[in-house]
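Student: For reference, the structure I am asking about is given below.
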Amino acid sequence: IDSNLPSSASPPLAATAPPISESVVALTLHGDLAAVELDWRAFENTADRTVFQSFDWLAKWQQHIGAPRGTIPAIVLGRDQNGGLLFILQLAIETRGMVRRLTWLGSDLCDYNAPLLAGHFSNHMTADRFAGLWHNAVRLLRADPRFRFDLVDLQKMPEMVGAQPNPFLAIKVRANPSSAHVTTLGQNWDEFYAAKRSSATRKKERRQLKHLAEFGEVRFVNVKDRADIARTLDTLIGQKSHAFARMGIEDLFARPGYRAFYQDIVTGTH
């Protein structure tokens with residue numbers, strides 16, 4: 001996204017939009033996750049988002065990975081005239097060498113980065129209106145020395161946020177070189193599996209499953225006990241680390257804070 005943005009005020013709502021408010025949306029900026037925790041947790045219960053925009057995911061990322069390497073949260077809340085939340089932009093300032101980037105909080109471990117949007121957000125927000133609000137958010141950030149940045153780097157943004165178009169697509173963006181894929185789940189696993197795999201492939205996978213069973217019973221288990229969850233995670237991490245070593249690539253879980261982050265996410269402890 002281009003960070004060379006004009007400082008004009010956000011335009012009024014389009015005349016065809018429902019009359020929720022003709023006033024400028026109120027923006028507030030916060031550098032402390034604890035200051036917005038209650039509002040965020042309440043909002044995420046009804047907002048359009050992905051799991052990567054949940055408060056727990058990002059707060060734990062900041063605790064184990066972000067804070068130790070100097071990441072500064074920059075959370076922008078947008079409210080209507082009645083004080084109701086319309087969106088949350090969970091941004092951050094990260095420093096690499098001499099360059100300070102404005103990016104998504106936890107971006108490196110989020111498959112998708114996007115704002116949290118109220119369910120009625122798109123009903124009351126045109127593309128031009130949001131572009132104006134983004135300009136104002138940038139001005140708000142630049143007005144505080146803590147959030148000074150040299151460039152904007154907002155990656156891995158999906159076209160849709162829940163059932164709504166991602167408003168950031170109204171701003172100048174470029175396609176990510178790694179495309180993502182979408183599938184629609186059916187009524188049950190058998191129907192979905194049959195629709196996505198040919199009969200020849202299903203036959204081959206049955207043979208593979210039979211061969212695997214020669215080494216011991218094959219079962220699918222929904223792990224619930226905390227100790228079992230921790231043991232399962234340790235096993236998976238160990239297997240992935242060995243696979244990384246065989247391929248001669250960096251072990252993700254050897255990075256500072258990464259193992260502790262995943263342990264905290266799945267068990268609440270590290």
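Residues are named by chain letter and number: chains run A, B, ... in the order of the structure tokens, numbers start at 1 in each chain, and ligands are numbered from 1 in the order shown.
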Set the distance at 6 Å and use only C-alpha atoms: which residues neighbour range 86-96 of chain A once local chain neighbours fewer than 5 positions away are removed? I'd like the list as a list in words.

Tutor: Thr71, Ile72, Pro73, Ala74, Ile75, Val76, Leu77, Gly78, Arg79, Arg101, Leu102, Thr103, Trp104, Leu105, Pro115, Leu116, Leu117 and Ala118 of chain A

Student: Keeping N, CA and C atoms for every residue in the selection just given, could you write it to a file as an mmCIF file, in the first residue's frame?

Tutor:
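Below you can see result21.cif, which holds the result:
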```cif
data_model
loop_
_atom_site.group_PDB
_atom_site.id
_atom_site.type_symbol
_atom_site.label_atom_id
_atom_site.label_comp_id
_atom_site.auth_asym_id
_atom_site.auth_seq_id
_atom_site.Cartn_x
_atom_site.Cartn_y
_atom_site.Cartn_z
ATOM 1 N N THR A 71 8.559 -4.773 18.599
ATOM 2 C CA THR A 71 7.348 -4.406 17.868
ATOM 3 C C THR A 71 6.437 -3.558 18.749
ATOM 4 N N ILE A 72 5.913 -2.475 18.182
ATOM 5 C CA ILE A 72 5.031 -1.565 18.913
ATOM 6 C C ILE A 72 3.613 -1.677 18.349
ATOM 7 N N PRO A 73 2.637 -2.163 19.120
ATOM 8 C CA PRO A 73 1.259 -2.201 18.631
ATOM 9 C C PRO A 73 0.761 -0.797 18.313
ATOM 10 N N ALA A 74 -0.024 -0.682 17.252
ATOM 11 C CA ALA A 74 -0.640 0.593 16.867
ATOM 12 C C ALA A 74 -2.080 0.283 16.468
ATOM 13 N N ILE A 75 -2.964 0.247 17.442
ATOM 14 C CA ILE A 75 -4.332 -0.213 17.249
ATOM 15 C C ILE A 75 -5.247 0.990 17.018
ATOM 16 N N VAL A 76 -5.919 1.003 15.867
ATOM 17 C CA VAL A 76 -6.834 2.094 15.523
ATOM 18 C C VAL A 76 -8.265 1.585 15.634
ATOM 19 N N LEU A 77 -9.063 2.260 16.452
ATOM 20 C CA LEU A 77 -10.477 1.931 16.600
ATOM 21 C C LEU A 77 -11.301 2.994 15.898
ATOM 22 N N GLY A 78 -12.286 2.565 15.116
ATOM 23 C CA GLY A 78 -13.204 3.479 14.447
ATOM 24 C C GLY A 78 -14.608 3.321 15.003
ATOM 25 N N ARG A 79 -15.191 4.422 15.491
ATOM 26 C CA ARG A 79 -16.505 4.366 16.126
ATOM 27 C C ARG A 79 -17.500 5.283 15.416
ATOM 28 N N ARG A 101 8.634 0.083 9.704
ATOM 29 C CA ARG A 101 7.506 -0.286 8.849
ATOM 30 C C ARG A 101 6.198 -0.203 9.623
ATOM 31 N N LEU A 102 5.165 0.280 8.933
ATOM 32 C CA LEU A 102 3.802 0.151 9.434
ATOM 33 C C LEU A 102 3.237 -1.115 8.819
ATOM 34 N N THR A 103 2.896 -2.080 9.657
ATOM 35 C CA THR A 103 2.457 -3.371 9.161
ATOM 36 C C THR A 103 1.332 -3.902 10.032
ATOM 37 N N TRP A 104 0.850 -5.096 9.720
ATOM 38 C CA TRP A 104 -0.149 -5.728 10.559
ATOM 39 C C TRP A 104 0.521 -6.350 11.777
ATOM 40 N N LEU A 105 -0.113 -6.252 12.918
ATOM 41 C CA LEU A 105 0.403 -6.880 14.123
ATOM 42 C C LEU A 105 0.404 -8.400 13.929
ATOM 43 N N PRO A 115 -8.667 -6.137 8.678
ATOM 44 C CA PRO A 115 -9.292 -5.483 9.831
ATOM 45 C C PRO A 115 -10.441 -6.312 10.374
ATOM 46 N N LEU A 116 -10.835 -6.035 11.606
ATOM 47 C CA LEU A 116 -12.079 -6.566 12.141
ATOM 48 C C LEU A 116 -13.181 -5.591 11.750
ATOM 49 N N LEU A 117 -14.273 -6.092 11.185
ATOM 50 C CA LEU A 117 -15.345 -5.241 10.689
ATOM 51 C C LEU A 117 -16.669 -5.567 11.366
ATOM 52 N N ALA A 118 -17.398 -4.533 11.755
ATOM 53 C CA ALA A 118 -18.757 -4.738 12.243
ATOM 54 C C ALA A 118 -19.595 -5.361 11.133
#
```

Student: Please provide the set of residues having any atom within 12 Å of Val218 in chain A, restricted to only C-alpha atoms, with same-chain residues fewer than 6 positions apart removed, written as a list in words.

Tutor: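 Here the qualifying residues turn out to be Gln208, Leu209, Lys210, His211 and Leu212 of chain A.
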
Student: Any chance you could export the current selection's N, CA and C atoms as a short mmCIF file (atom, residue, chain, number, x, y, z; two decimals), in the first residue's frame?

Tutor:
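Writing the result to selection_39.cif gives the following:
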```cif
data_model
loop_
_atom_site.label_atom_id
_atom_site.label_comp_id
_atom_site.auth_asym_id
_atom_site.auth_seq_id
_atom_site.Cartn_x
_atom_site.Cartn_y
_atom_site.Cartn_z
N GLN A 208 -3.02 -46.69 0.74
CA GLN A 208 -2.02 -46.07 1.62
C GLN A 208 -2.42 -46.20 3.08
N LEU A 209 -3.70 -46.02 3.37
CA LEU A 209 -4.18 -46.14 4.74
C LEU A 209 -4.03 -47.58 5.23
N LYS A 210 -4.32 -48.55 4.37
CA LYS A 210 -4.16 -49.95 4.74
C LYS A 210 -2.70 -50.27 5.02
N HIS A 211 -1.80 -49.73 4.20
CA HIS A 211 -0.38 -49.96 4.42
C HIS A 211 0.08 -49.33 5.74
N LEU A 212 -0.42 -48.12 6.04
CA LEU A 212 -0.07 -47.46 7.29
C LEU A 212 -0.53 -48.27 8.49
#
```

Student: From the options A:Met98, A:Leu133, A:Leu85, A:Leu109, which residue's atoms come nearest to Gly66 in chain A, counting only C-alpha atoms?

Tutor: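 Under the stated criterion, the closest residue is A:Leu109.
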
Student: Expressed in Å to a single decimal, how great is the separation between CA of His64 in chain A and CA of Glu37 in chain A?

Tutor: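 If I compute the distance from CA of His64 in chain A to CA of Glu37 in chain A, I get 17.4 Å.
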
Student: Residues of range 126-214 of chain A within 9 Å of range 41-49 of chain A: nearest atom pair and distance (Å, one decimal) for each, counting only C-alpha atoms, sorted by chain and number, as a Markdown table?

Tutor:
```
| residue | atom | partner | partner_atom | distance |
| --- | --- | --- | --- | --- |
| A:Val161 | CA | A:Arg49 | CA | 5.7 |
| A:Gly162 | CA | A:Asp48 | CA | 4.9 |
| A:Ala163 | CA | A:Asp48 | CA | 7.2 |
| A:Gln164 | CA | A:Asp48 | CA | 7.6 |
```

Student: How many Å separate CA of Val266 in chain A from CA of Thr183 in chain A?

Tutor: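 These two atoms are separated by 25.8 Å.
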